[in-house]
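Next comes upload.tsv, with TSV, N, CA and C atoms and all ligand atoms.
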chain	number	residue	atom	x	y	z
H	1	MET	N	0.85	-1.19	0.00
H	1	MET	CA	0.00	0.00	0.00
H	1	MET	C	0.89	1.25	0.00
H	2	ASP	N	0.84	2.06	-1.07
H	2	ASP	CA	1.75	3.20	-1.12
H	2	ASP	C	1.05	4.52	-0.86
H	3	CYS	N	-0.20	4.47	-0.42
H	3	CYS	CA	-0.92	5.70	-0.11
H	3	CYS	C	-0.69	6.06	1.36
H	4	ILE	N	-0.13	7.26	1.59
H	4	ILE	CA	0.22	7.59	2.98
H	4	ILE	C	-1.02	7.75	3.86
H	5	PHE	N	-2.13	8.21	3.30
H	5	PHE	CA	-3.32	8.36	4.13
H	5	PHE	C	-3.93	6.99	4.46
H	6	CYS	N	-3.84	6.04	3.53
H	6	CYS	CA	-4.26	4.66	3.86
H	6	CYS	C	-3.37	4.09	4.96
H	7	GLN	N	-2.09	4.46	4.93
H	7	GLN	CA	-1.17	3.98	5.97
H	7	GLN	C	-1.51	4.60	7.33
H	8	ILE	N	-1.94	5.86	7.32
H	8	ILE	CA	-2.39	6.49	8.57
H	8	ILE	C	-3.65	5.78	9.08
H	9	VAL	N	-4.59	5.52	8.19
H	9	VAL	CA	-5.81	4.81	8.60
H	9	VAL	C	-5.44	3.47	9.25
H	10	ALA	N	-4.48	2.78	8.63
H	10	ALA	CA	-4.10	1.45	9.12
H	10	ALA	C	-3.21	1.50	10.37
H	11	GLY	N	-2.80	2.70	10.78
H	11	GLY	CA	-1.92	2.83	11.94
H	11	GLY	C	-0.46	2.55	11.62
H	12	GLU	N	-0.12	2.49	10.33
H	12	GLU	CA	1.26	2.20	9.93
H	12	GLU	C	2.11	3.47	9.86
H	13	LEU	N	1.46	4.62	9.78
H	13	LEU	CA	2.13	5.92	9.87
H	13	LEU	C	1.50	6.65	11.05
H	14	PRO	N	2.31	7.39	11.83
H	14	PRO	CA	1.76	8.05	13.00
H	14	PRO	C	0.91	9.27	12.63
H	15	ALA	N	-0.16	9.47	13.37
H	15	ALA	CA	-0.98	10.68	13.28
H	15	ALA	C	-1.82	10.73	14.54
H	16	GLU	N	-2.05	11.94	15.02
H	16	GLU	CA	-2.93	12.09	16.18
H	16	GLU	C	-4.37	11.94	15.71
H	17	ARG	N	-5.02	10.91	16.16
H	17	ARG	CA	-6.38	10.62	15.69
H	17	ARG	C	-7.35	11.48	16.51
H	18	LEU	N	-7.69	12.64	15.94
H	18	LEU	CA	-8.51	13.61	16.65
H	18	LEU	C	-9.95	13.17	16.75
H	19	TYR	N	-10.42	12.52	15.73
H	19	TYR	CA	-11.78	11.96	15.72
H	19	TYR	C	-11.78	10.84	14.70
H	20	GLU	N	-12.49	9.77	15.01
H	20	GLU	CA	-12.71	8.74	13.99
H	20	GLU	C	-14.00	8.01	14.26
H	21	ASP	N	-14.58	7.51	13.21
H	21	ASP	CA	-15.72	6.62	13.31
H	21	ASP	C	-15.53	5.53	12.25
H	22	ASP	N	-16.55	4.78	11.96
H	22	ASP	CA	-16.37	3.65	11.05
H	22	ASP	C	-15.86	4.08	9.67
H	23	ASP	N	-16.27	5.27	9.23
H	23	ASP	CA	-16.01	5.67	7.84
H	23	ASP	C	-15.00	6.79	7.67
H	24	THR	N	-14.74	7.55	8.73
H	24	THR	CA	-13.95	8.78	8.57
H	24	THR	C	-12.88	8.90	9.66
H	25	LEU	N	-11.88	9.71	9.36
H	25	LEU	CA	-10.78	9.97	10.31
H	25	LEU	C	-10.36	11.43	10.17
H	26	ALA	N	-10.10	12.09	11.30
H	26	ALA	CA	-9.58	13.46	11.31
H	26	ALA	C	-8.25	13.47	12.06
H	27	PHE	N	-7.27	14.18	11.49
H	27	PHE	CA	-5.95	14.29	12.12
H	27	PHE	C	-5.32	15.61	11.72
H	28	PRO	N	-4.32	16.09	12.47
H	28	PRO	CA	-3.71	17.38	12.14
H	28	PRO	C	-2.87	17.27	10.87
H	29	ASP	N	-2.88	18.36	10.08
H	29	ASP	CA	-1.98	18.42	8.93
H	29	ASP	C	-0.54	18.55	9.44
H	30	LEU	N	0.35	17.81	8.79
H	30	LEU	CA	1.77	17.81	9.17
H	30	LEU	C	2.40	19.19	9.02
H	31	ARG	N	1.95	19.96	8.04
H	31	ARG	CA	2.50	21.29	7.79
H	31	ARG	C	1.37	22.30	7.88
H	32	PRO	N	1.00	22.69	9.12
H	32	PRO	CA	-0.18	23.54	9.29
H	32	PRO	C	-0.02	24.90	8.62
H	33	ARG	N	-1.06	25.33	7.93
H	33	ARG	CA	-1.09	26.62	7.23
H	33	ARG	C	-1.94	27.64	7.96
H	34	ALA	N	-2.43	27.27	9.13
H	34	ALA	CA	-3.28	28.16	9.92
H	34	ALA	C	-3.21	27.63	11.36
H	35	PRO	N	-3.61	28.46	12.36
H	35	PRO	CA	-3.57	27.99	13.75
H	35	PRO	C	-4.31	26.66	13.95
H	36	HIS	N	-5.42	26.49	13.25
H	36	HIS	CA	-6.10	25.19	13.22
H	36	HIS	C	-6.01	24.69	11.77
H	37	HIS	N	-5.43	23.52	11.57
H	37	HIS	CA	-5.37	22.94	10.22
H	37	HIS	C	-5.47	21.42	10.36
H	38	LEU	N	-6.65	20.91	10.11
H	38	LEU	CA	-6.93	19.48	10.24
H	38	LEU	C	-7.24	18.92	8.86
H	39	LEU	N	-7.10	17.62	8.76
H	39	LEU	CA	-7.51	16.91	7.55
H	39	LEU	C	-8.58	15.91	7.93
H	40	VAL	N	-9.59	15.80	7.08
H	40	VAL	CA	-10.65	14.81	7.26
H	40	VAL	C	-10.65	13.92	6.03
H	41	ILE	N	-10.60	12.63	6.25
H	41	ILE	CA	-10.51	11.68	5.12
H	41	ILE	C	-11.51	10.54	5.31
H	42	PRO	N	-11.91	9.94	4.19
H	42	PRO	CA	-12.64	8.67	4.29
H	42	PRO	C	-11.63	7.56	4.58
H	43	LYS	N	-12.03	6.59	5.39
H	43	LYS	CA	-11.11	5.48	5.67
H	43	LYS	C	-10.90	4.61	4.43
H	44	ARG	N	-11.92	4.54	3.61
H	44	ARG	CA	-11.78	3.78	2.36
H	44	ARG	C	-11.09	4.66	1.31
H	45	HIS	N	-10.16	4.08	0.58
H	45	HIS	CA	-9.42	4.89	-0.39
H	45	HIS	C	-10.32	5.32	-1.56
H	46	VAL	N	-10.32	6.63	-1.79
H	46	VAL	CA	-10.92	7.24	-2.99
H	46	VAL	C	-9.90	8.27	-3.44
H	47	ASP	N	-9.60	8.37	-4.73
H	47	ASP	CA	-8.54	9.28	-5.18
H	47	ASP	C	-8.86	10.73	-4.90
H	48	SER	N	-10.06	11.17	-5.30
H	48	SER	CA	-10.44	12.57	-5.12
H	48	SER	C	-11.93	12.69	-5.41
H	49	LEU	N	-12.46	13.88	-5.24
H	49	LEU	CA	-13.88	14.08	-5.57
H	49	LEU	C	-14.14	13.81	-7.04
H	50	ALA	N	-13.12	13.97	-7.88
H	50	ALA	CA	-13.29	13.74	-9.32
H	50	ALA	C	-13.50	12.27	-9.64
H	51	SER	N	-13.15	11.39	-8.72
H	51	SER	CA	-13.24	9.96	-9.03
H	51	SER	C	-14.21	9.21	-8.12
H	52	THR	N	-15.10	9.96	-7.47
H	52	THR	CA	-16.10	9.28	-6.65
H	52	THR	C	-17.09	8.55	-7.56
H	53	ASN	N	-17.61	7.46	-7.08
H	53	ASN	CA	-18.68	6.79	-7.80
H	53	ASN	C	-19.93	6.75	-6.91
H	54	ASP	N	-20.98	6.16	-7.42
H	54	ASP	CA	-22.26	6.20	-6.71
H	54	ASP	C	-22.17	5.62	-5.30
H	55	ASP	N	-21.24	4.70	-5.09
H	55	ASP	CA	-21.11	4.08	-3.76
H	55	ASP	C	-20.43	5.00	-2.75
H	56	ASP	N	-19.82	6.07	-3.22
H	56	ASP	CA	-18.98	6.89	-2.34
H	56	ASP	C	-19.73	8.05	-1.69
H	57	TRP	N	-20.94	8.37	-2.15
H	57	TRP	CA	-21.57	9.61	-1.68
H	57	TRP	C	-21.94	9.57	-0.22
H	58	ALA	N	-22.28	8.41	0.28
H	58	ALA	CA	-22.60	8.33	1.71
H	58	ALA	C	-21.37	8.63	2.55
H	59	VAL	N	-20.22	8.16	2.08
H	59	VAL	CA	-18.99	8.40	2.84
H	59	VAL	C	-18.54	9.87	2.68
H	60	VAL	N	-18.83	10.48	1.53
H	60	VAL	CA	-18.55	11.91	1.38
H	60	VAL	C	-19.40	12.71	2.39
H	61	ALA	N	-20.65	12.36	2.49
H	61	ALA	CA	-21.51	13.04	3.47
H	61	ALA	C	-20.99	12.81	4.89
H	62	ALA	N	-20.53	11.61	5.17
H	62	ALA	CA	-19.99	11.31	6.50
H	62	ALA	C	-18.75	12.16	6.77
H	63	CYS	N	-17.92	12.36	5.76
H	63	CYS	CA	-16.73	13.20	5.93
H	63	CYS	C	-17.13	14.63	6.25
H	64	LEU	N	-18.14	15.15	5.54
H	64	LEU	CA	-18.56	16.54	5.80
H	64	LEU	C	-19.18	16.66	7.19
H	65	HIS	N	-19.82	15.61	7.63
H	65	HIS	CA	-20.33	15.60	9.01
H	65	HIS	C	-19.16	15.67	9.99
H	66	THR	N	-18.09	14.93	9.69
H	66	THR	CA	-16.90	14.97	10.56
H	66	THR	C	-16.23	16.33	10.50
H	67	VAL	N	-16.20	16.97	9.32
H	67	VAL	CA	-15.68	18.33	9.21
H	67	VAL	C	-16.43	19.25	10.18
H	68	GLN	N	-17.76	19.18	10.11
H	68	GLN	CA	-18.57	20.04	10.99
H	68	GLN	C	-18.26	19.76	12.46
H	69	ARG	N	-18.13	18.49	12.80
H	69	ARG	CA	-17.91	18.09	14.19
H	69	ARG	C	-16.55	18.58	14.70
H	70	VAL	N	-15.47	18.37	13.93
H	70	VAL	CA	-14.15	18.75	14.45
H	70	VAL	C	-14.01	20.27	14.49
H	71	ALA	N	-14.64	20.97	13.55
H	71	ALA	CA	-14.58	22.44	13.59
H	71	ALA	C	-15.34	22.96	14.81
H	72	ARG	N	-16.48	22.37	15.07
H	72	ARG	CA	-17.28	22.78	16.23
H	72	ARG	C	-16.53	22.47	17.51
H	73	ASP	N	-15.90	21.28	17.58
H	73	ASP	CA	-15.13	20.88	18.78
H	73	ASP	C	-14.02	21.88	19.08
H	74	ARG	N	-13.47	22.50	18.05
H	74	ARG	CA	-12.39	23.46	18.23
H	74	ARG	C	-12.88	24.89	18.38
H	75	GLY	N	-14.18	25.07	18.47
H	75	GLY	CA	-14.73	26.40	18.70
H	75	GLY	C	-14.61	27.31	17.50
H	76	LEU	N	-14.57	26.74	16.30
H	76	LEU	CA	-14.39	27.56	15.10
H	76	LEU	C	-15.71	28.10	14.54
H	77	ASP	N	-16.83	27.65	15.09
H	77	ASP	CA	-18.12	28.02	14.51
H	77	ASP	C	-18.36	29.53	14.47
H	78	THR	N	-18.00	30.21	15.55
H	78	THR	CA	-18.36	31.62	15.67
H	78	THR	C	-17.60	32.47	14.66
H	79	ALA	N	-16.28	32.33	14.65
H	79	ALA	CA	-15.46	33.15	13.76
H	79	ALA	C	-15.49	32.62	12.33
H	80	GLY	N	-15.76	31.34	12.18
H	80	GLY	CA	-15.80	30.74	10.86
H	80	GLY	C	-14.50	30.01	10.54
H	81	TYR	N	-14.51	29.35	9.44
H	81	TYR	CA	-13.36	28.54	9.02
H	81	TYR	C	-13.50	28.24	7.54
H	82	ARG	N	-12.48	27.62	6.98
H	82	ARG	CA	-12.52	27.28	5.56
H	82	ARG	C	-12.33	25.78	5.37
H	83	VAL	N	-13.06	25.25	4.40
H	83	VAL	CA	-12.98	23.82	4.06
H	83	VAL	C	-12.58	23.74	2.59
H	84	VAL	N	-11.50	22.99	2.33
H	84	VAL	CA	-10.93	22.92	0.98
H	84	VAL	C	-10.65	21.47	0.62
H	85	SER	N	-11.02	21.09	-0.60
H	85	SER	CA	-10.59	19.80	-1.13
H	85	SER	C	-9.89	20.06	-2.47
H	86	ASN	N	-8.59	19.88	-2.49
H	86	ASN	CA	-7.82	20.09	-3.72
H	86	ASN	C	-7.96	18.85	-4.60
H	87	ILE	N	-8.13	19.09	-5.90
H	87	ILE	CA	-8.38	17.99	-6.84
H	87	ILE	C	-7.41	18.09	-8.01
H	88	GLY	N	-6.61	17.04	-8.17
H	88	GLY	CA	-5.74	16.95	-9.34
H	88	GLY	C	-4.63	17.99	-9.36
H	89	SER	N	-3.91	18.05	-10.48
H	89	SER	CA	-2.71	18.88	-10.52
H	89	SER	C	-3.04	20.37	-10.50
H	90	ASP	N	-4.03	20.82	-11.28
H	90	ASP	CA	-4.39	22.24	-11.22
H	90	ASP	C	-4.97	22.61	-9.86
H	91	GLY	N	-5.62	21.68	-9.22
H	91	GLY	CA	-6.18	21.94	-7.89
H	91	GLY	C	-5.14	21.94	-6.79
H	92	GLY	N	-3.92	21.49	-7.11
H	92	GLY	CA	-2.85	21.49	-6.11
H	92	GLY	C	-2.87	20.28	-5.20
H	93	GLN	N	-3.51	19.19	-5.64
H	93	GLN	CA	-3.57	17.99	-4.80
H	93	GLN	C	-2.22	17.29	-4.80
H	94	THR	N	-1.68	17.03	-3.61
H	94	THR	CA	-0.38	16.34	-3.51
H	94	THR	C	-0.52	14.94	-2.94
H	95	VAL	N	-1.60	14.66	-2.24
H	95	VAL	CA	-1.85	13.30	-1.73
H	95	VAL	C	-3.13	12.81	-2.38
H	96	ASN	N	-3.00	11.73	-3.15
H	96	ASN	CA	-4.12	11.27	-3.96
H	96	ASN	C	-5.04	10.32	-3.18
H	97	HIS	N	-5.48	10.80	-2.03
H	97	HIS	CA	-6.52	10.14	-1.23
H	97	HIS	C	-7.44	11.28	-0.82
H	98	LEU	N	-8.70	11.19	-1.22
H	98	LEU	CA	-9.68	12.25	-0.96
H	98	LEU	C	-9.55	12.79	0.46
H	99	HIS	N	-9.49	14.11	0.57
H	99	HIS	CA	-9.41	14.72	1.91
H	99	HIS	C	-9.94	16.14	1.85
H	100	TRP	N	-10.36	16.60	3.01
H	100	TRP	CA	-10.78	17.98	3.19
H	100	TRP	C	-9.86	18.63	4.20
H	101	HIS	N	-9.31	19.79	3.82
H	101	HIS	CA	-8.58	20.62	4.77
H	101	HIS	C	-9.61	21.43	5.56
H	102	VAL	N	-9.45	21.49	6.86
H	102	VAL	CA	-10.25	22.37	7.72
H	102	VAL	C	-9.28	23.38	8.31
H	103	LEU	N	-9.44	24.65	7.90
H	103	LEU	CA	-8.50	25.70	8.28
H	103	LEU	C	-9.23	26.77	9.07
H	104	GLY	N	-8.65	27.17	10.20
H	104	GLY	CA	-9.29	28.20	10.99
H	104	GLY	C	-8.32	28.86	11.95
H	105	GLY	N	-8.83	29.86	12.66
H	105	GLY	CA	-8.01	30.55	13.65
H	105	GLY	C	-7.35	31.80	13.11
H	106	ARG	N	-7.61	32.12	11.85
H	106	ARG	CA	-7.13	33.38	11.28
H	106	ARG	C	-8.05	33.75	10.12
H	107	LEU	N	-7.94	35.00	9.69
H	107	LEU	CA	-8.74	35.44	8.54
H	107	LEU	C	-8.19	34.81	7.27
H	108	MET	N	-9.04	34.15	6.52
H	108	MET	CA	-8.64	33.55	5.25
H	108	MET	C	-8.80	34.58	4.14
H	109	THR	N	-7.87	34.60	3.22
H	109	THR	CA	-7.98	35.54	2.11
H	109	THR	C	-8.66	34.86	0.92
H	110	TRP	N	-9.12	35.69	0.01
H	110	TRP	CA	-9.75	35.21	-1.21
H	110	TRP	C	-9.37	36.10	-2.36
H	111	PRO	N	-9.07	35.65	-3.54
H	111	PRO	CA	-9.08	34.23	-3.93
H	111	PRO	C	-7.87	33.50	-3.42
H	112	PRO	N	-7.94	32.16	-3.34
H	112	PRO	CA	-6.78	31.38	-2.97
H	112	PRO	C	-5.71	31.46	-4.06
H	113	GLY	N	-4.49	31.18	-3.71
H	113	GLY	CA	-3.38	31.30	-4.66
H	113	GLY	C	-3.42	30.18	-5.70
H	201	LIG	P1	-3.10	18.35	-0.69
H	201	LIG	O1	-1.86	19.09	-1.09
H	201	LIG	O2	-4.38	19.12	-0.80
H	201	LIG	O3	-3.17	17.01	-1.39
H	201	LIG	O4	-2.97	18.07	0.85
H	201	LIG	C1	-2.17	17.08	1.39
H	201	LIG	C2	-1.83	17.52	2.78
H	201	LIG	O5	-1.35	16.39	3.48
H	201	LIG	C3	-0.73	18.59	2.87
H	201	LIG	O6	-1.26	19.75	3.50
H	201	LIG	C4	0.35	17.92	3.71
H	201	LIG	O7	0.95	18.81	4.62
H	201	LIG	C5	-0.42	16.83	4.42
H	201	LIG	N1	0.36	15.66	4.82
H	201	LIG	C6	1.23	14.95	4.07
H	201	LIG	N2	1.71	13.91	4.77
H	201	LIG	C7	1.10	13.95	5.97
H	201	LIG	C8	1.18	13.15	7.15
H	201	LIG	N3	1.98	12.07	7.22
H	201	LIG	N4	0.42	13.50	8.22
H	201	LIG	C9	-0.37	14.58	8.16
H	201	LIG	N5	-0.50	15.37	7.09
H	201	LIG	C10	0.24	15.07	6.01
H	202	ZN	ZN	-5.45	5.98	0.36

Can I see the file as structure tokens?
Ligand code: AMP
Ligand code: ZN
Amino acid sequence: MDCIFCQIVAGELPAERLYEDDDTLAFPDLRPRAPHHLLVIPKRHVDSLASTNDDDWAVVAACLHTVQRVARDRGLDTAGYRVVSNIGSDGGQTVNHLHWHVLGGRLMTWPPG
């Protein structure tokens, strides 16, 4: 298995498991870009939102539920936060396992770079 996020799911690579359930896992980004920077992933490997199939939508919804939960747990609801899923080379995706960045704790600029 050469996918690093699958290795994190399997416990073969270290990560602080901030939240997990049967379908999803949240852990801190190794290179945080904001005071709060978490990643939320499906435990089952999916390359990106561009390659989801009909069987994956329930797990996508579960991931967004986990995004809401971990952001709320960190008190980000009031000030707000940003959720990003980079897709493919133009999207800036570097790990080809579907994930959502949850960024908060500072003012986010727009448009993104
Ligand atoms: P992306 O560039 O959107 O594909 O996001 C991949 C993210 O994974 C980057 O922000 C990396 O810092 C992060 N990352 C890579 N390896 C690890 C790891 N072992 N543990 C936690 N985060 C990681
Ligand atoms: Zn994977």

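Closest approach to ligand LIG 201 (chain H) among H:Gly104, H:Gly91, H:Gly11, H:Gly75: H:Gly91, based on only N, CA and C atoms and all ligand atoms.
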
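Among the candidates H:Ile4, H:Val60, H:Asn53, H:Leu39, the residue lying nearest to Trp100 (chain H) is H:Leu39 (atoms considered: all atoms listed in the file).
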
Q: Using all atoms listed in the file, find each residue with an atom at most 5 Å away from ligand LIG 201 (chain H) and format the answer as a ChimeraX atom specification.
A: /H:28-31,86,92-95

Computed gap from atom C of Ile41 (chain H) to atom N of Ala71 (chain H) is 13.7 Å

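Note that CA of Pro32 (chain H) and atom N of Gly105 (chain H) are 11.2 Å apart.
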
A straight line from CA of Glu16 (chain H) to atom N of His45 (chain H) spans 19.0 Å
